[in-house]
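Engineer: Handing over entry_32.pdb, PDB, C-alpha atoms.
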MODEL        1
ATOM      1  CA  MET B   1     -45.282 -34.244 -52.655
ATOM      2  CA  THR B   2     -42.788 -32.009 -54.452
ATOM      3  CA  ASP B   3     -45.549 -29.487 -55.208
ATOM      4  CA  ASP B   4     -46.523 -29.395 -51.526
ATOM      5  CA  LEU B   5     -42.950 -28.720 -50.362
ATOM      6  CA  VAL B   6     -41.999 -26.418 -53.256
ATOM      7  CA  PRO B   7     -45.168 -24.698 -54.515
ATOM      8  CA  ASP B   8     -45.215 -23.006 -57.896
ATOM      9  CA  ASP B   9     -44.820 -19.459 -56.533
ATOM     10  CA  LEU B  10     -41.667 -20.462 -54.641
ATOM     11  CA  TRP B  11     -40.183 -22.417 -57.521
ATOM     12  CA  GLU B  12     -40.689 -19.668 -60.109
ATOM     13  CA  ARG B  13     -38.522 -17.406 -57.951
ATOM     14  CA  VAL B  14     -35.862 -20.024 -57.219
ATOM     15  CA  ALA B  15     -35.606 -21.536 -60.712
ATOM     16  CA  PRO B  16     -33.289 -18.873 -62.264
ATOM     17  CA  LEU B  17     -30.905 -18.813 -59.285
ATOM     18  CA  PRO B  18     -29.175 -22.229 -58.871
ATOM     19  CA  PRO B  19     -25.778 -22.678 -60.574
ATOM     20  CA  ALA B  20     -25.629 -24.496 -63.887
ATOM     21  CA  PRO B  21     -24.952 -28.241 -63.606
ATOM     22  CA  PRO B  22     -21.366 -29.306 -64.287
ATOM     23  CA  ALA B  23     -20.539 -30.452 -67.791
ATOM     24  CA  ARG B  24     -20.255 -34.192 -68.333
ATOM     25  CA  ARG B  25     -16.662 -35.406 -68.569
ATOM     26  CA  HIS B  26     -17.430 -38.768 -70.179
ATOM     27  CA  ARG B  27     -19.329 -39.895 -73.234
ATOM     28  CA  SER B  28     -21.493 -42.328 -71.326
ATOM     29  CA  PRO B  29     -24.656 -40.634 -70.045
ATOM     30  CA  GLY B  30     -24.327 -42.033 -66.520
ATOM     31  CA  ARG B  31     -26.924 -41.396 -63.857
ATOM     32  CA  VAL B  32     -29.632 -38.867 -64.680
ATOM     33  CA  ARG B  33     -29.288 -35.671 -62.647
ATOM     34  CA  VAL B  34     -32.046 -35.056 -60.117
ATOM     35  CA  PRO B  35     -34.038 -31.933 -61.117
ATOM     36  CA  ASP B  36     -33.369 -28.851 -59.018
ATOM     37  CA  ARG B  37     -37.013 -28.606 -57.906
ATOM     38  CA  VAL B  38     -36.967 -32.171 -56.584
ATOM     39  CA  ALA B  39     -33.672 -31.555 -54.761
ATOM     40  CA  LEU B  40     -35.114 -28.363 -53.255
ATOM     41  CA  ALA B  41     -38.089 -30.398 -52.029
ATOM     42  CA  GLY B  42     -35.645 -32.649 -50.185
ATOM     43  CA  ILE B  43     -33.988 -29.615 -48.588
ATOM     44  CA  VAL B  44     -37.330 -28.117 -47.524
ATOM     45  CA  TYR B  45     -38.411 -31.506 -46.138
ATOM     46  CA  VAL B  46     -35.367 -31.632 -43.863
ATOM     47  CA  LEU B  47     -35.834 -27.973 -42.925
ATOM     48  CA  ARG B  48     -39.464 -28.490 -41.915
ATOM     49  CA  LYS B  49     -39.351 -31.953 -40.364
ATOM     50  CA  GLY B  50     -35.925 -31.789 -38.731
ATOM     51  CA  VAL B  51     -35.016 -35.333 -39.813
ATOM     52  CA  ALA B  52     -31.478 -36.456 -40.554
ATOM     53  CA  TRP B  53     -30.426 -36.295 -44.196
ATOM     54  CA  ARG B  54     -30.170 -40.085 -44.351
ATOM     55  CA  ASP B  55     -33.822 -40.352 -43.282
ATOM     56  CA  VAL B  56     -35.246 -38.405 -46.232
ATOM     57  CA  PRO B  57     -37.871 -40.690 -47.858
ATOM     58  CA  ALA B  58     -36.423 -40.960 -51.353
ATOM     59  CA  MET B  59     -39.466 -42.828 -52.668
ATOM     60  CA  LEU B  60     -41.771 -39.954 -51.690
ATOM     61  CA  ILE B  61     -39.525 -36.971 -52.392
ATOM     62  CA  GLY B  62     -37.764 -38.248 -55.501
ATOM     63  CA  CYS B  63     -34.204 -37.740 -54.277
ATOM     64  CA  SER B  64     -31.994 -39.079 -51.530
ATOM     65  CA  GLY B  65     -30.877 -37.071 -48.543
ATOM     66  CA  VAL B  66     -27.294 -37.110 -49.826
ATOM     67  CA  THR B  67     -28.429 -35.467 -53.067
ATOM     68  CA  GLY B  68     -30.367 -32.833 -51.098
ATOM     69  CA  TRP B  69     -27.339 -32.118 -48.905
ATOM     70  CA  ARG B  70     -25.058 -31.735 -51.914
ATOM     71  CA  ARG B  71     -27.494 -29.421 -53.658
ATOM     72  CA  LEU B  72     -27.797 -27.358 -50.450
ATOM     73  CA  ARG B  73     -24.008 -27.107 -50.373
ATOM     74  CA  ASP B  74     -23.797 -26.046 -54.025
ATOM     75  CA  CYS B  75     -26.576 -23.447 -53.736
ATOM     76  CA  THR B  76     -25.098 -22.057 -50.518
ATOM     77  CA  GLN B  77     -21.675 -21.657 -52.103
ATOM     78  CA  ALA B  78     -23.286 -19.980 -55.127
ATOM     79  CA  GLY B  79     -25.125 -17.446 -52.920
ATOM     80  CA  VAL B  80     -28.607 -18.560 -53.982
ATOM     81  CA  TRP B  81     -30.355 -18.037 -50.643
ATOM     82  CA  PRO B  82     -29.347 -14.366 -50.034
ATOM     83  CA  ARG B  83     -30.436 -13.493 -53.586
ATOM     84  CA  LEU B  84     -33.775 -15.240 -53.095
ATOM     85  CA  HIS B  85     -34.305 -13.384 -49.805
ATOM     86  CA  GLN B  86     -33.469 -10.025 -51.411
ATOM     87  CA  LEU B  87     -35.842 -10.738 -54.307
ATOM     88  CA  LEU B  88     -38.746 -11.441 -51.968
ATOM     89  CA  LEU B  89     -38.001  -8.383 -49.830
ATOM     90  CA  THR B  90     -38.116  -6.278 -53.001
ATOM     91  CA  GLU B  91     -41.507  -7.746 -53.921
ATOM     92  CA  LEU B  92     -42.808  -7.048 -50.425
ATOM     93  CA  ARG B  93     -41.710  -3.416 -50.664
ATOM     94  CA  THR B  94     -43.359  -3.112 -54.072
ATOM     95  CA  ALA B  95     -46.591  -4.422 -52.543
ATOM     96  CA  GLY B  96     -46.346  -1.895 -49.695
ATOM     97  CA  LYS B  97     -45.877  -4.612 -47.059
ATOM     98  CA  LEU B  98     -42.403  -3.671 -45.832
ATOM     99  CA  GLU B  99     -42.242  -1.098 -43.019
ATOM    100  CA  MET B 100     -38.574  -0.318 -42.480
ATOM    101  CA  ASP B 101     -38.852   2.927 -40.536
ATOM    102  CA  ASP B 102     -39.001   0.943 -37.276
ATOM    103  CA  CYS B 103     -36.883  -2.199 -36.942
ATOM    104  CA  ALA B 104     -36.130  -4.528 -34.027
ATOM    105  CA  ILE B 105     -33.148  -6.767 -33.316
ATOM    106  CA  ASP B 106     -32.520  -9.689 -30.965
ATOM    107  CA  GLY B 107     -30.726 -13.022 -30.572
ATOM    108  CA  SER B 108     -31.826 -16.521 -29.615
ATOM    109  CA  HIS B 109     -29.814 -19.465 -28.246
ATOM    110  CA  ILE B 110     -29.927 -22.948 -29.761
ATOM    111  CA  ARG B 111     -28.060 -26.108 -28.830
ATOM    112  CA  ALA B 112     -25.300 -27.340 -31.190
ATOM    113  CA  LEU B 113     -24.841 -31.098 -31.078
ATOM    114  CA  LYS B 114     -21.975 -31.672 -33.504
ATOM    115  CA  GLY B 115     -19.603 -28.761 -32.955
ATOM    116  CA  GLY B 116     -18.059 -26.870 -35.854
ATOM    117  CA  ARG B 117     -17.525 -23.166 -36.437
ATOM    118  CA  HIS B 118     -19.625 -20.606 -34.566
ATOM    119  CA  VAL B 119     -20.130 -22.885 -31.579
ATOM    120  CA  GLY B 120     -19.368 -21.859 -28.002
ATOM    121  CA  PRO B 121     -20.355 -22.538 -24.398
ATOM    122  CA  SER B 122     -23.905 -21.297 -23.941
ATOM    123  CA  PRO B 123     -24.367 -19.095 -20.838
ATOM    124  CA  VAL B 124     -28.051 -20.074 -20.630
ATOM    125  CA  ASP B 125     -27.570 -23.847 -21.038
ATOM    126  CA  ARG B 126     -24.965 -24.769 -18.398
ATOM    127  CA  ALA B 127     -22.084 -24.024 -20.790
ATOM    128  CA  ARG B 128     -23.141 -26.757 -23.210
ATOM    129  CA  PRO B 129     -22.047 -26.213 -26.831
ATOM    130  CA  GLY B 130     -24.445 -23.850 -28.511
ATOM    131  CA  SER B 131     -24.960 -21.280 -31.224
ATOM    132  CA  LYS B 132     -27.022 -18.120 -31.585
ATOM    133  CA  HIS B 133     -29.437 -16.912 -34.207
ATOM    134  CA  HIS B 134     -29.453 -13.130 -34.620
ATOM    135  CA  VAL B 135     -32.166 -11.424 -36.651
ATOM    136  CA  ILE B 136     -33.275  -7.907 -37.512
ATOM    137  CA  VAL B 137     -36.915  -7.422 -38.570
ATOM    138  CA  ASP B 138     -39.190  -4.659 -39.787
ATOM    139  CA  ARG B 139     -42.220  -3.373 -37.885
ATOM    140  CA  GLN B 140     -44.325  -6.364 -38.984
ATOM    141  CA  GLY B 141     -41.685  -8.977 -38.114
ATOM    142  CA  THR B 142     -40.424  -9.567 -41.657
ATOM    143  CA  PRO B 143     -36.818 -10.825 -41.362
ATOM    144  CA  LEU B 144     -34.434  -8.437 -43.116
ATOM    145  CA  ALA B 145     -31.142 -10.119 -42.207
ATOM    146  CA  VAL B 146     -30.060 -13.107 -40.133
ATOM    147  CA  SER B 147     -26.724 -14.377 -38.851
ATOM    148  CA  LEU B 148     -25.194 -17.242 -36.892
ATOM    149  CA  THR B 149     -22.607 -16.956 -34.098
ATOM    150  CA  GLY B 150     -21.288 -18.989 -31.202
ATOM    151  CA  GLY B 151     -23.474 -19.312 -28.127
ATOM    152  CA  ASN B 152     -21.023 -17.275 -26.047
ATOM    153  CA  ARG B 153     -21.078 -14.223 -28.317
ATOM    154  CA  HIS B 154     -22.803 -11.142 -26.903
ATOM    155  CA  ASP B 155     -25.875  -9.967 -28.800
ATOM    156  CA  VAL B 156     -24.519  -6.464 -29.245
ATOM    157  CA  THR B 157     -21.543  -7.700 -31.287
ATOM    158  CA  GLN B 158     -23.956  -8.488 -34.134
ATOM    159  CA  LEU B 159     -25.755  -5.144 -34.142
ATOM    160  CA  ILE B 160     -23.600  -3.442 -36.764
ATOM    161  CA  PRO B 161     -22.954  -6.609 -38.851
ATOM    162  CA  LEU B 162     -26.694  -7.245 -39.095
ATOM    163  CA  LEU B 163     -27.385  -3.670 -40.158
ATOM    164  CA  ASP B 164     -24.697  -4.003 -42.816
ATOM    165  CA  ALA B 165     -26.194  -7.339 -43.931
ATOM    166  CA  ILE B 166     -29.551  -5.771 -44.864
ATOM    167  CA  PRO B 167     -29.506  -5.850 -48.670
ATOM    168  CA  PRO B 168     -30.417  -2.793 -50.752
ATOM    169  CA  ILE B 169     -34.168  -3.242 -51.201
ATOM    170  CA  SER B 170     -35.664  -1.547 -54.241
ATOM    171  CA  GLY B 171     -39.241  -1.869 -55.462
ATOM    172  CA  LEU B 172     -40.248   1.802 -55.244
ATOM    173  CA  ARG B 173     -39.088   4.956 -56.946
ATOM    174  CA  GLY B 174     -35.857   6.390 -55.619
ATOM    175  CA  ARG B 175     -32.799   4.769 -54.161
ATOM    176  CA  PRO B 176     -32.994   1.282 -52.642
ATOM    177  CA  ARG B 177     -33.664   1.179 -48.903
ATOM    178  CA  SER B 178     -31.216  -0.554 -46.553
ATOM    179  CA  ARG B 179     -31.441   1.343 -43.239
ATOM    180  CA  PRO B 180     -34.209   1.918 -40.707
ATOM    181  CA  LYS B 181     -34.948   5.255 -39.070
ATOM    182  CA  ARG B 182     -35.325   3.782 -35.575
ATOM    183  CA  LEU B 183     -33.937   0.584 -34.076
ATOM    184  CA  PHE B 184     -35.601  -1.074 -31.065
ATOM    185  CA  ALA B 185     -33.618  -3.398 -28.801
ATOM    186  CA  ASP B 186     -33.571  -4.790 -25.266
ATOM    187  CA  ARG B 187     -31.098  -4.073 -22.444
ATOM    188  CA  GLY B 188     -28.447  -6.331 -23.938
ATOM    189  CA  TYR B 189     -27.730  -3.644 -26.540
ATOM    190  CA  ASP B 190     -27.419  -0.756 -24.072
ATOM    191  CA  PHE B 191     -23.855   0.434 -24.721
ATOM    192  CA  ASP B 192     -22.899   4.047 -25.376
ATOM    193  CA  LYS B 193     -20.451   2.997 -28.081
ATOM    194  CA  TYR B 194     -23.174   1.342 -30.139
ATOM    195  CA  ARG B 195     -25.628   4.160 -29.546
ATOM    196  CA  ARG B 196     -23.058   6.528 -31.050
ATOM    197  CA  LEU B 197     -22.496   4.209 -33.996
ATOM    198  CA  LEU B 198     -26.236   4.132 -34.684
ATOM    199  CA  TRP B 199     -26.561   7.921 -34.502
ATOM    200  CA  LYS B 200     -23.582   8.191 -36.862
ATOM    201  CA  ARG B 201     -25.505   6.097 -39.394
ATOM    202  CA  GLY B 202     -28.588   8.276 -39.046
ATOM    203  CA  ILE B 203     -30.487   5.685 -36.997
ATOM    204  CA  LYS B 204     -32.204   6.612 -33.740
ATOM    205  CA  PRO B 205     -31.496   3.979 -31.042
ATOM    206  CA  VAL B 206     -34.536   3.083 -28.937
ATOM    207  CA  ILE B 207     -32.904   0.764 -26.418
ATOM    208  CA  ALA B 208     -33.985  -0.150 -22.898
ATOM    209  CA  GLN B 209     -31.513   0.991 -20.255
ATOM    210  CA  ARG B 210     -29.736  -1.479 -18.014
ATOM    211  CA  GLY B 211     -30.660  -1.206 -14.347
ATOM    212  CA  ALA B 212     -33.962   0.498 -15.085
ATOM    213  CA  PRO B 213     -37.116  -1.251 -13.790
ATOM    214  CA  HIS B 214     -39.050  -3.376 -16.234
ATOM    215  CA  GLY B 215     -41.967  -1.835 -18.032
ATOM    216  CA  SER B 216     -40.149   0.482 -20.431
ATOM    217  CA  GLY B 217     -42.985   0.111 -22.951
ATOM    218  CA  LEU B 218     -40.660  -0.988 -25.765
ATOM    219  CA  GLY B 219     -42.392  -4.349 -25.839
ATOM    220  CA  ARG B 220     -45.293  -2.803 -27.743
ATOM    221  CA  THR B 221     -42.951  -2.476 -30.735
ATOM    222  CA  ARG B 222     -40.184  -4.982 -30.044
ATOM    223  CA  TRP B 223     -42.364  -8.079 -29.551
ATOM    224  CA  VAL B 224     -42.422  -8.741 -33.312
ATOM    225  CA  VAL B 225     -38.828  -9.977 -33.260
ATOM    226  CA  GLU B 226     -39.781 -12.613 -30.687
ATOM    227  CA  ARG B 227     -42.612 -13.728 -32.944
ATOM    228  CA  THR B 228     -40.168 -13.993 -35.841
ATOM    229  CA  PHE B 229     -38.004 -16.357 -33.786
ATOM    230  CA  ALA B 230     -41.139 -18.433 -33.184
ATOM    231  CA  TRP B 231     -41.716 -18.513 -36.955
ATOM    232  CA  LEU B 232     -38.113 -19.541 -37.603
ATOM    233  CA  HIS B 233     -38.157 -22.281 -34.986
ATOM    234  CA  GLN B 234     -41.314 -23.768 -36.487
ATOM    235  CA  PHE B 235     -38.780 -25.132 -38.976
ATOM    236  CA  LYS B 236     -37.622 -28.011 -36.799
ATOM    237  CA  ARG B 237     -34.145 -28.218 -38.325
ATOM    238  CA  LEU B 238     -33.403 -24.766 -36.875
ATOM    239  CA  ARG B 239     -34.376 -25.575 -33.263
ATOM    240  CA  ILE B 240     -31.148 -27.529 -32.738
ATOM    241  CA  ARG B 241     -28.039 -27.093 -34.839
ATOM    242  CA  TYR B 242     -27.072 -30.418 -36.420
ATOM    243  CA  GLU B 243     -24.914 -29.068 -39.267
ATOM    244  CA  ARG B 244     -21.229 -29.067 -38.476
ATOM    245  CA  ARG B 245     -20.674 -26.607 -41.316
ATOM    246  CA  ALA B 246     -21.792 -23.140 -40.272
ATOM    247  CA  ASP B 247     -22.384 -21.997 -43.858
ATOM    248  CA  LEU B 248     -24.963 -24.750 -44.418
ATOM    249  CA  HIS B 249     -26.884 -23.847 -41.249
ATOM    250  CA  GLN B 250     -26.741 -20.202 -42.337
ATOM    251  CA  GLY B 251     -28.129 -21.268 -45.713
ATOM    252  CA  LEU B 252     -31.042 -23.052 -44.052
ATOM    253  CA  LEU B 253     -31.692 -19.935 -41.962
ATOM    254  CA  GLU B 254     -31.813 -17.751 -45.071
ATOM    255  CA  LEU B 255     -34.099 -20.211 -46.862
ATOM    256  CA  ALA B 256     -36.467 -20.165 -43.874
ATOM    257  CA  CYS B 257     -36.469 -16.346 -43.930
ATOM    258  CA  SER B 258     -37.364 -16.456 -47.641
ATOM    259  CA  ILE B 259     -40.281 -18.810 -46.988
ATOM    260  CA  ILE B 260     -41.543 -16.475 -44.234
ATOM    261  CA  CYS B 261     -41.333 -13.530 -46.657
ATOM    262  CA  LEU B 262     -43.222 -15.521 -49.294
ATOM    263  CA  ARG B 263     -46.008 -16.266 -46.813
ATOM    264  CA  ARG B 264     -46.398 -12.555 -46.110
ATOM    265  CA  LEU B 265     -46.362 -11.813 -49.844
ATOM    266  CA  ARG B 266     -49.181 -14.299 -50.465
ATOM    267  CA  LYS B 267     -51.365 -12.400 -47.994
ATOM    268  CA  ALA B 268     -50.635  -9.143 -49.815
ATOM    269  CA  LEU B 269     -51.618 -10.456 -53.254
TER     270      LEU B 269
ENDMDL
END
Represent the supplied structure as structure tokens.

Structural biologist:
Amino acid sequence: MTDDLVPDDLWERVAPLPPAPPARRHRSPGRVRVPDRVALAGIVYVLRKGVAWRDVPAMLIGCSGVTGWRRLRDCTQAGVWPRLHQLLLTELRTAGKLEMDDCAIDGSHIRALKGGRHVGPSPVDRARPGSKHHVIVDRQGTPLAVSLTGGNRHDVTQLIPLLDAIPPISGLRGRPRSRPKRLFADRGYDFDKYRRLLWKRGIKPVIAQRGAPHGSGLGRTRWVVERTFAWLHQFKRLRIRYERRADLHQGLLELACSIICLRRLRKAL
């Protein structure tokens, strides 16, 4: 089952990234450490199935849910998931499957059941505690950067942070790419201040205007970001936020983005 959850092409990219195991402090060997690939299978199982960590089938996976949670914590603190995402984006650009001239941005509400940081009253869910996923994608819907905020945060507040979160993506001759030429967004991003900030960065804002009738035509380009949210929320653990720790939910988001990038890379090879 480990090979199904963590196929060889995913593992060969993850294997060099996790932190080294801590040195033993005692002479007695103690319990044998669970291999990183098996622990990653437990993490991916929770990410896909949406089960609680205590419900991970240790007999099938090879590790307990507690071990998977601890390894998720350690890898998140070591910055494994952003490096994996950047590596896959670089491979996509090398294969000619990354179209960064046109990008789209949007946010999506989710319910947060256990509180924690980046939780706020959701304006679309009767002020229940919620969070927001924010993502910026290329023209084909490949996630370039993702972030987590409280459910009461306005989408536009994450426009500049998400642009800054796009890693430098190499893979071709010349300098690494980290900025689009045009950015597509809905009416929630229609603020003169942010239009000026985009122009200052050399990015043309293509944003629907508030108060204008529907049918701006931007949907022909911007729909890919909605499809990306559908891809992300196929991972059942991301449909509702169960993690009290925001950094762990962010880590699961980044791992899901990496798996989406790997799927696109498989089609290119």

Engineer: Taking the file as shown, find all residues satisfying the PyMOL selection byres ((chain B and resi 250) around 12) and write them as a PDB file with C-alpha atoms, in the frame of the given file.

Structural biologist:
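File produced: result_10.pdb:
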ATOM      1  CA  LEU B  47     -35.834 -27.973 -42.925  1.00  0.00           C
ATOM      2  CA  LEU B  72     -27.797 -27.358 -50.450  1.00  0.00           C
ATOM      3  CA  ARG B  73     -24.008 -27.107 -50.373  1.00  0.00           C
ATOM      4  CA  CYS B  75     -26.576 -23.447 -53.736  1.00  0.00           C
ATOM      5  CA  THR B  76     -25.098 -22.057 -50.518  1.00  0.00           C
ATOM      6  CA  GLN B  77     -21.675 -21.657 -52.103  1.00  0.00           C
ATOM      7  CA  GLY B  79     -25.125 -17.446 -52.920  1.00  0.00           C
ATOM      8  CA  VAL B  80     -28.607 -18.560 -53.982  1.00  0.00           C
ATOM      9  CA  TRP B  81     -30.355 -18.037 -50.643  1.00  0.00           C
ATOM     10  CA  PRO B  82     -29.347 -14.366 -50.034  1.00  0.00           C
ATOM     11  CA  ARG B 117     -17.525 -23.166 -36.437  1.00  0.00           C
ATOM     12  CA  HIS B 118     -19.625 -20.606 -34.566  1.00  0.00           C
ATOM     13  CA  SER B 131     -24.960 -21.280 -31.224  1.00  0.00           C
ATOM     14  CA  LYS B 132     -27.022 -18.120 -31.585  1.00  0.00           C
ATOM     15  CA  HIS B 133     -29.437 -16.912 -34.207  1.00  0.00           C
ATOM     16  CA  HIS B 134     -29.453 -13.130 -34.620  1.00  0.00           C
ATOM     17  CA  VAL B 135     -32.166 -11.424 -36.651  1.00  0.00           C
ATOM     18  CA  ALA B 145     -31.142 -10.119 -42.207  1.00  0.00           C
ATOM     19  CA  VAL B 146     -30.060 -13.107 -40.133  1.00  0.00           C
ATOM     20  CA  SER B 147     -26.724 -14.377 -38.851  1.00  0.00           C
ATOM     21  CA  LEU B 148     -25.194 -17.242 -36.892  1.00  0.00           C
ATOM     22  CA  THR B 149     -22.607 -16.956 -34.098  1.00  0.00           C
ATOM     23  CA  ARG B 237     -34.145 -28.218 -38.325  1.00  0.00           C
ATOM     24  CA  LEU B 238     -33.403 -24.766 -36.875  1.00  0.00           C
ATOM     25  CA  ARG B 241     -28.039 -27.093 -34.839  1.00  0.00           C
ATOM     26  CA  TYR B 242     -27.072 -30.418 -36.420  1.00  0.00           C
ATOM     27  CA  GLU B 243     -24.914 -29.068 -39.267  1.00  0.00           C
ATOM     28  CA  ARG B 244     -21.229 -29.067 -38.476  1.00  0.00           C
ATOM     29  CA  ARG B 245     -20.674 -26.607 -41.316  1.00  0.00           C
ATOM     30  CA  ALA B 246     -21.792 -23.140 -40.272  1.00  0.00           C
ATOM     31  CA  ASP B 247     -22.384 -21.997 -43.858  1.00  0.00           C
ATOM     32  CA  LEU B 248     -24.963 -24.750 -44.418  1.00  0.00           C
ATOM     33  CA  HIS B 249     -26.884 -23.847 -41.249  1.00  0.00           C
ATOM     34  CA  GLY B 251     -28.129 -21.268 -45.713  1.00  0.00           C
ATOM     35  CA  LEU B 252     -31.042 -23.052 -44.052  1.00  0.00           C
ATOM     36  CA  LEU B 253     -31.692 -19.935 -41.962  1.00  0.00           C
ATOM     37  CA  GLU B 254     -31.813 -17.751 -45.071  1.00  0.00           C
ATOM     38  CA  LEU B 255     -34.099 -20.211 -46.862  1.00  0.00           C
ATOM     39  CA  ALA B 256     -36.467 -20.165 -43.874  1.00  0.00           C
ATOM     40  CA  CYS B 257     -36.469 -16.346 -43.930  1.00  0.00           C
TER      41      CYS B 257
END

Engineer: Applying the PyMOL selection byres ((chain B and resi 207) around 10) to the file I just gave you, which residues come out? Please list them as a PyMOL selection string.

Structural biologist: chain B and resi 104+182-191+195+204-206+208-210+216+218+222

Engineer: Hey, which bits of region 163-215 of chain B sit within 12 Å of region 86-92 of chain B, and for each residue what's the closest pair of atoms and how far apart in Å (one decimal), counting only C-alpha atoms, rows by chain and increasing number, as JSON lines?

Structural biologist:
{"residue": "B:Ala165", "atom": "CA", "partner": "B:Gln86", "partner_atom": "CA", "distance": 10.8}
{"residue": "B:Ile166", "atom": "CA", "partner": "B:Gln86", "partner_atom": "CA", "distance": 8.7}
{"residue": "B:Pro167", "atom": "CA", "partner": "B:Gln86", "partner_atom": "CA", "distance": 6.4}
{"residue": "B:Pro168", "atom": "CA", "partner": "B:Gln86", "partner_atom": "CA", "distance": 7.9}
{"residue": "B:Ile169", "atom": "CA", "partner": "B:Thr90", "partner_atom": "CA", "distance": 5.3}
{"residue": "B:Ser170", "atom": "CA", "partner": "B:Thr90", "partner_atom": "CA", "distance": 5.5}
{"residue": "B:Gly171", "atom": "CA", "partner": "B:Thr90", "partner_atom": "CA", "distance": 5.2}
{"residue": "B:Leu172", "atom": "CA", "partner": "B:Thr90", "partner_atom": "CA", "distance": 8.7}
{"residue": "B:Arg173", "atom": "CA", "partner": "B:Thr90", "partner_atom": "CA", "distance": 11.9}
{"residue": "B:Pro176", "atom": "CA", "partner": "B:Thr90", "partner_atom": "CA", "distance": 9.1}
{"residue": "B:Arg177", "atom": "CA", "partner": "B:Thr90", "partner_atom": "CA", "distance": 9.6}
{"residue": "B:Ser178", "atom": "CA", "partner": "B:Leu89", "partner_atom": "CA", "distance": 10.9}

Engineer: Report as a PyMOL selection string the residues that result from applying the PyMOL selection byres ((chain B and resi 54-69) around 9) to the structure here.

Structural biologist: chain B and resi 1-2+34-35+38-43+45-46+51-53+70-74+248

Engineer: May I have the residues from that selection written out with C-alpha atoms, as a compact mmCIF listing (two decimals), in the coordinates of the input?

Structural biologist:
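Result written to result.txt:
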# COMPACT_ATOMS: atom_id res chain seq x y z
CA MET B 1 -45.28 -34.24 -52.66
CA THR B 2 -42.79 -32.01 -54.45
CA VAL B 34 -32.05 -35.06 -60.12
CA PRO B 35 -34.04 -31.93 -61.12
CA VAL B 38 -36.97 -32.17 -56.58
CA ALA B 39 -33.67 -31.56 -54.76
CA LEU B 40 -35.11 -28.36 -53.26
CA ALA B 41 -38.09 -30.40 -52.03
CA GLY B 42 -35.65 -32.65 -50.18
CA ILE B 43 -33.99 -29.62 -48.59
CA TYR B 45 -38.41 -31.51 -46.14
CA VAL B 46 -35.37 -31.63 -43.86
CA VAL B 51 -35.02 -35.33 -39.81
CA ALA B 52 -31.48 -36.46 -40.55
CA TRP B 53 -30.43 -36.30 -44.20
CA ARG B 70 -25.06 -31.74 -51.91
CA ARG B 71 -27.49 -29.42 -53.66
CA LEU B 72 -27.80 -27.36 -50.45
CA ARG B 73 -24.01 -27.11 -50.37
CA ASP B 74 -23.80 -26.05 -54.02
CA LEU B 248 -24.96 -24.75 -44.42

Engineer: May I ask for the distance between CA of Gly115 (chain B) and CA of Pro129 (chain B), given in Å to one decimal place?

Structural biologist: 7.1 Å

Engineer: Nearest residue to Val225 (chain B) out of B:Leu159, B:Val32, B:Ile136, B:Ala78, using only C-alpha atoms?

Structural biologist: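 Of the candidates, the smallest distance to Val225 (chain B) is held by B:Ile136.
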
Engineer: Please determine, counting only C-alpha atoms, which residue among B:Pro143, B:Gly151, B:Gly202, B:Pro7 has the shortest atom-to-atom distance to Val224 (chain B).

Structural biologist: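 Closest to Val224 (chain B) of all the choices is B:Pro143.
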
Engineer: When you draw a straight line from CA of Ala127 (chain B) to CA of Ala112 (chain B), how long is it in Å?

Structural biologist: 11.4 Å

Engineer: For the atom pair CA of Gly141 (chain B) and CA of Asp106 (chain B), what is the interatomic distance in Å to one decimal place?

Structural biologist: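 Pair CA of Gly141 (chain B) / CA of Asp106 (chain B) returns 11.6 Å.
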
Engineer: From the list B:Ile110, B:Arg37, B:Trp11, B:Leu144, which residue is nearest Arg128 (chain B) when using all atoms listed in the file?

Structural biologist: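 Smallest distance to Arg128 (chain B) is found for B:Ile110.
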
Engineer: Where's the centre, and what are the edge lengths in Å to one decimal, of a box along x, y and z enclosing all listed atoms of region 87-104 of chain B padded 3 Å per side, as lines of an AutoDock Vina configuration file?

Structural biologist:
center_x = -41.2
center_y = -4.3
center_z = -44.2
size_x = 16.7
size_y = 20.4
size_z = 26.3

Engineer: Tell me which of B:Trp199, B:Asp36, B:Gln140, B:Lys236 sits closest to Glu12 (chain B), counting all atoms listed in the file.

Structural biologist: B:Asp36

Engineer: Find the residue from B:Arg153, B:Lys181, B:Arg13, B:Arg220 that sits nearest to Asp101 (chain B); use only C-alpha atoms when measuring.

Structural biologist: B:Lys181

Engineer: Would you mind exporting region 36-53 of chain B with C-alpha atoms, as a PDB file, in the first residue's frame?

Structural biologist:
ATOM      1  CA  ASP B  36      10.467   8.143   5.969  1.00  0.00           C
ATOM      2  CA  ARG B  37       8.646   6.648   2.966  1.00  0.00           C
ATOM      3  CA  VAL B  38       6.286   4.700   5.223  1.00  0.00           C
ATOM      4  CA  ALA B  39       5.622   7.792   7.359  1.00  0.00           C
ATOM      5  CA  LEU B  40       4.937   9.814   4.199  1.00  0.00           C
ATOM      6  CA  ALA B  41       2.431   7.148   3.149  1.00  0.00           C
ATOM      7  CA  GLY B  42       0.605   7.735   6.430  1.00  0.00           C
ATOM      8  CA  ILE B  43       0.539  11.484   5.775  1.00  0.00           C
ATOM      9  CA  VAL B  44      -0.755  11.028   2.216  1.00  0.00           C
ATOM     10  CA  TYR B  45      -3.389   8.575   3.486  1.00  0.00           C
ATOM     11  CA  VAL B  46      -4.770  11.182   5.886  1.00  0.00           C
ATOM     12  CA  LEU B  47      -4.546  13.869   3.200  1.00  0.00           C
ATOM     13  CA  ARG B  48      -6.519  11.804   0.689  1.00  0.00           C
ATOM     14  CA  LYS B  49      -9.038  10.060   2.930  1.00  0.00           C
ATOM     15  CA  GLY B  50      -9.644  12.833   5.455  1.00  0.00           C
ATOM     16  CA  VAL B  51      -9.593  10.425   8.414  1.00  0.00           C
ATOM     17  CA  ALA B  52      -8.423  11.390  11.882  1.00  0.00           C
ATOM     18  CA  TRP B  53      -4.788  10.636  12.666  1.00  0.00           C
TER      19      TRP B  53
END
